[in-house]
Amino acid sequence: MKSQSNLKQEDRKQKNVMATSGKIHMSGTSEARLLGSAVAGISELMFFHPVDTVAKRLMHNEMRLVVMASPSTTVANFNQAIFRDASAKSPFTKAVSLFPGIGFGAAYKILQRVYKFGGQPVVVDKLRERHGAEFDAKFGHNLGRTMMSATAGSIIGIGEVALLPLDALKVKAQTAPEQLKGRGVFDIFIKEGWGLYRGAGWTAARNAPGSFALFGGNTAAKAFMGIGDDRDRATWTQDALASCAGAIASITVAQPLDVIKTRIQSRPFNSPESGMSIISNLVKNEGFGAFFKGLTPKLMVVGPKLVFSFTIAQHTIAYFTSTMKGF
């Protein structure tokens, strides 16, 4: 016969395991997750595609932009790097020039958000079912939840490589549109084939820690604020703060590898360059600071961007979940 004390301890442990292995982030049916994530992707694309273009063009640029002795030269360099052929044209033309590759961008962003926002909770559920007790025993209650969420994010991030061709075409449209001029989508896919997966290894290397930091940082921030599983509803402000924490950690951690990935993808189809060669030339010609080119515009919008997309995703998922209960 077990003593009353032992029974209470076992009951407490079981509750901790259940709490640790509970669903994290977004909950709901698979259909609700897919629909909510798609709405988030579409909404995010319309508001943030221009900022993404600016960041990609700055990362692609290989010249020194900042001239300490000449502020006017610095401004001219940034103007040329960001607006390219539209640098000397009207403000409206400049604004329109920041929407290249919107077709590839739409396909990529919507699929990416559906896959990432909708898929990560599914992986969390699987980890919960099979390894929830192990995470709890190894890391404890709060850290176990964070590690489970982060691990699921990392797995999803690596799998995101499957969408690389659309991302590569979006990057080329943003940084080197002349490479796509006069070519149809099917023609590009048929002729380039596996070449569209150039830089897949570097992309996976970027996505694994980036997604780990994104979802882990988000969950850690919520745990710090005392928000547990899905049944503990976060306020809009709490979701915003948690999203910012995860996004800033993710972008900062992944930025050096993102620069390498962007330069690999922006190279001409018939003139590829290895990641190691890019690193060598980057350090030699631009210095180590070049690994963080484009970080500032990303960080300037990463808070609003992730707050926006996470909030849209969570609220629409909750809405669709509630609506679909009647069917």
# chains A, B, ... in the order shown; residues from 1 in each chain; ligands from 1
call {"tool": "residues_around", "arguments": {"residues": "range 309-321 of chain A", "least_positions_apart": "5", "cutoff": "8 Å", "atoms": "only C-alpha atoms", "output": "MDAnalysis selection string"}}
result
chainID A and resid 26:29 32:33 35:37 39:41 43:44 117 236 239:240 243
call {"tool": "write_last_selection", "arguments": {"atoms": "C-alpha atoms", "output": "PDB file, in the first residue's frame"}}
result
ATOM      1  CA  MET A  26      -2.178  27.953 -31.183  1.00  0.00           C
ATOM      2  CA  SER A  27      -4.826  25.310 -30.653  1.00  0.00           C
ATOM      3  CA  GLY A  28      -7.814  24.160 -32.681  1.00  0.00           C
ATOM      4  CA  THR A  29      -8.738  21.798 -35.482  1.00  0.00           C
ATOM      5  CA  ALA A  32      -8.824  26.081 -38.348  1.00  0.00           C
ATOM      6  CA  ARG A  33      -5.038  26.131 -38.125  1.00  0.00           C
ATOM      7  CA  LEU A  35      -7.272  28.787 -42.522  1.00  0.00           C
ATOM      8  CA  GLY A  36      -6.031  31.033 -39.731  1.00  0.00           C
ATOM      9  CA  SER A  37      -2.422  30.712 -40.836  1.00  0.00           C
ATOM     10  CA  VAL A  39      -5.178  34.654 -43.419  1.00  0.00           C
ATOM     11  CA  ALA A  40      -2.122  35.677 -41.399  1.00  0.00           C
ATOM     12  CA  GLY A  41       0.161  35.063 -44.388  1.00  0.00           C
ATOM     13  CA  SER A  43      -2.321  39.970 -44.368  1.00  0.00           C
ATOM     14  CA  GLU A  44       1.386  40.024 -43.577  1.00  0.00           C
ATOM     15  CA  PHE A 117       2.103  28.574 -37.894  1.00  0.00           C
ATOM     16  CA  TRP A 236      -3.254  41.089 -26.924  1.00  0.00           C
ATOM     17  CA  ASP A 239       0.899  38.059 -27.225  1.00  0.00           C
ATOM     18  CA  ALA A 240       2.622  41.143 -28.651  1.00  0.00           C
ATOM     19  CA  SER A 243       6.023  37.586 -30.247  1.00  0.00           C
TER      20      SER A 243
END
call {"tool": "residues_around", "arguments": {"residues": "Ala107 in chain A", "least_positions_apart": "6", "cutoff": "10 Å", "atoms": "only C-alpha atoms", "output": "MDAnalysis selection string"}}
result
chainID A and resid 41:42 45 163 166:167 170
call {"tool": "write_last_selection", "arguments": {"atoms": "N, CA, C and O atoms", "output": "PDB file, in the first residue's frame"}}
result
ATOM      1  N   GLY A  41      -0.827  34.923 -43.328  1.00  0.00           N
ATOM      2  CA  GLY A  41       0.161  35.063 -44.388  1.00  0.00           C
ATOM      3  C   GLY A  41      -0.231  36.113 -45.412  1.00  0.00           C
ATOM      4  O   GLY A  41       0.606  36.922 -45.831  1.00  0.00           O
ATOM      5  N   ILE A  42      -1.491  36.101 -45.819  1.00  0.00           N
ATOM      6  CA  ILE A  42      -1.981  37.077 -46.803  1.00  0.00           C
ATOM      7  C   ILE A  42      -1.894  38.492 -46.232  1.00  0.00           C
ATOM      8  O   ILE A  42      -1.432  39.428 -46.899  1.00  0.00           O
ATOM      9  N   LEU A  45       1.745  39.679 -45.946  1.00  0.00           N
ATOM     10  CA  LEU A  45       2.344  39.957 -47.254  1.00  0.00           C
ATOM     11  C   LEU A  45       2.015  41.363 -47.725  1.00  0.00           C
ATOM     12  O   LEU A  45       2.906  42.099 -48.179  1.00  0.00           O
ATOM     13  N   LEU A 163      10.156  24.617 -49.467  1.00  0.00           N
ATOM     14  CA  LEU A 163       9.614  25.795 -50.145  1.00  0.00           C
ATOM     15  C   LEU A 163      10.700  26.672 -50.759  1.00  0.00           C
ATOM     16  O   LEU A 163      10.406  27.760 -51.262  1.00  0.00           O
ATOM     17  N   LEU A 166      10.428  28.657 -54.334  1.00  0.00           N
ATOM     18  CA  LEU A 166       9.617  29.872 -54.344  1.00  0.00           C
ATOM     19  C   LEU A 166      10.345  31.020 -53.658  1.00  0.00           C
ATOM     20  O   LEU A 166      10.297  32.169 -54.102  1.00  0.00           O
ATOM     21  N   ASP A 167      11.042  30.708 -52.577  1.00  0.00           N
ATOM     22  CA  ASP A 167      11.821  31.723 -51.875  1.00  0.00           C
ATOM     23  C   ASP A 167      12.950  32.232 -52.762  1.00  0.00           C
ATOM     24  O   ASP A 167      13.226  33.435 -52.819  1.00  0.00           O
ATOM     25  N   LYS A 170      11.593  34.521 -55.378  1.00  0.00           N
ATOM     26  CA  LYS A 170      11.207  35.796 -54.753  1.00  0.00           C
ATOM     27  C   LYS A 170      12.433  36.668 -54.514  1.00  0.00           C
ATOM     28  O   LYS A 170      12.420  37.866 -54.810  1.00  0.00           O
TER      29      LYS A 170
END
call {"tool": "select_by_dssp", "arguments": {"residues": "range 125-237 of chain A", "states": "alpha helix (DSSP H)", "output": "count of residues only"}}
result
81
call {"tool": "closest_residue", "arguments": {"among": "A:Pro304, A:Pro272, A:Gly210, A:Gly289", "to": "Thr252 in chain A", "atoms": "only C-alpha atoms"}}
result
A:Gly210
call {"tool": "residues_around", "arguments": {"residues": "range 296-299 of chain A", "least_positions_apart": "6", "cutoff": "10 Å", "atoms": "only C-alpha atoms", "output": "VMD selection string"}}
result
chain A and resid 51 to 52 54 to 56 58 244 247 to 249 251 to 252 255 305
call {"tool": "closest_residue", "arguments": {"among": "A:Asp85, A:Glu31, A:Asp258, A:Glu129", "to": "Gly199 in chain A", "atoms": "only C-alpha atoms"}}
result
A:Asp258
call {"tool": "residues_around", "arguments": {"residues": "Phe224 in chain A", "least_positions_apart": "2", "cutoff": "12 Å", "atoms": "only C-alpha atoms", "output": "list of chain:residue names"}}
result
A:Asn142, A:Leu143, A:Arg145, A:Thr146, A:Gly217, A:Asn218, A:Thr219, A:Ala220, A:Ala221, A:Lys222, A:Gly226, A:Ile227, A:Gly228, A:Gln238, A:Leu241, A:Ala242, A:Ala245
call {"tool": "closest_residue", "arguments": {"among": "A:Ala200, A:Arg130, A:Arg183, A:Ser87", "to": "Val75 in chain A", "atoms": "only C-alpha atoms"}}
result
A:Ser87
call {"tool": "atom_distance", "arguments": {"atom1": "CA of Arg57 in chain A", "atom2": "CA of Gly294 in chain A"}}
result
8.1 Å
call {"tool": "decode", "arguments": {"residues": "range 158-178 of chain A", "atoms": "N, CA, C and O atoms", "output": "short mmCIF file (atom, residue, chain, number, x, y, z; two decimals), in the first residue's frame"}}
result
data_model
loop_
_atom_site.label_atom_id
_atom_site.label_comp_id
_atom_site.auth_asym_id
_atom_site.auth_seq_id
_atom_site.Cartn_x
_atom_site.Cartn_y
_atom_site.Cartn_z
N ILE A 158 13.53 23.31 -40.38
CA ILE A 158 14.33 22.50 -41.31
C ILE A 158 13.49 22.04 -42.49
O ILE A 158 13.91 22.08 -43.65
N GLY A 159 12.26 21.61 -42.21
CA GLY A 159 11.37 21.15 -43.28
C GLY A 159 10.96 22.25 -44.23
O GLY A 159 10.52 21.97 -45.35
N GLU A 160 11.12 23.48 -43.81
CA GLU A 160 10.75 24.63 -44.63
C GLU A 160 11.59 24.72 -45.91
O GLU A 160 11.24 25.45 -46.84
N VAL A 161 12.69 23.98 -45.95
CA VAL A 161 13.55 23.95 -47.13
C VAL A 161 12.77 23.51 -48.37
O VAL A 161 13.13 23.87 -49.49
N ALA A 162 11.70 22.75 -48.17
CA ALA A 162 10.88 22.29 -49.30
C ALA A 162 10.33 23.46 -50.11
O ALA A 162 10.07 23.33 -51.31
N LEU A 163 10.16 24.62 -49.47
CA LEU A 163 9.61 25.80 -50.14
C LEU A 163 10.70 26.67 -50.76
O LEU A 163 10.41 27.76 -51.26
N LEU A 164 11.94 26.19 -50.73
CA LEU A 164 13.08 27.00 -51.17
C LEU A 164 12.96 27.54 -52.59
O LEU A 164 13.35 28.69 -52.84
N PRO A 165 12.47 26.77 -53.58
CA PRO A 165 12.38 27.31 -54.94
C PRO A 165 11.56 28.60 -55.02
O PRO A 165 11.97 29.55 -55.69
N LEU A 166 10.43 28.66 -54.33
CA LEU A 166 9.62 29.87 -54.34
C LEU A 166 10.35 31.02 -53.66
O LEU A 166 10.30 32.17 -54.10
N ASP A 167 11.04 30.71 -52.58
CA ASP A 167 11.82 31.72 -51.88
C ASP A 167 12.95 32.23 -52.76
O ASP A 167 13.23 33.43 -52.82
N ALA A 168 13.62 31.31 -53.47
CA ALA A 168 14.73 31.70 -54.34
C ALA A 168 14.26 32.62 -55.45
O ALA A 168 14.92 33.63 -55.76
N LEU A 169 13.11 32.31 -56.05
CA LEU A 169 12.59 33.16 -57.13
C LEU A 169 12.14 34.52 -56.59
O LEU A 169 12.29 35.54 -57.26
N LYS A 170 11.59 34.52 -55.38
CA LYS A 170 11.21 35.80 -54.75
C LYS A 170 12.43 36.67 -54.51
O LYS A 170 12.42 37.87 -54.81
N VAL A 171 13.50 36.06 -54.01
CA VAL A 171 14.73 36.80 -53.74
C VAL A 171 15.32 37.35 -55.03
O VAL A 171 15.77 38.50 -55.10
N LYS A 172 15.33 36.53 -56.10
CA LYS A 172 15.86 36.99 -57.38
C LYS A 172 15.04 38.14 -57.92
O LYS A 172 15.58 39.10 -58.49
N ALA A 173 13.72 38.06 -57.78
CA ALA A 173 12.86 39.14 -58.25
C ALA A 173 13.12 40.43 -57.48
O ALA A 173 13.00 41.53 -58.02
N GLN A 174 13.49 40.29 -56.21
CA GLN A 174 13.74 41.46 -55.37
C GLN A 174 15.13 42.05 -55.58
O GLN A 174 15.31 43.26 -55.46
N THR A 175 16.10 41.19 -55.87
CA THR A 175 17.50 41.65 -55.93
C THR A 175 18.11 41.64 -57.32
O THR A 175 19.02 42.42 -57.60
N ALA A 176 17.66 40.74 -58.21
CA ALA A 176 18.24 40.65 -59.55
C ALA A 176 17.15 40.29 -60.56
O ALA A 176 17.17 39.21 -61.17
N PRO A 177 16.17 41.17 -60.76
CA PRO A 177 15.03 40.87 -61.64
C PRO A 177 15.41 40.60 -63.08
O PRO A 177 14.65 39.95 -63.81
N GLU A 178 16.58 41.08 -63.50
CA GLU A 178 17.00 40.85 -64.89
C GLU A 178 17.19 39.37 -65.17
O GLU A 178 17.10 38.93 -66.33
#
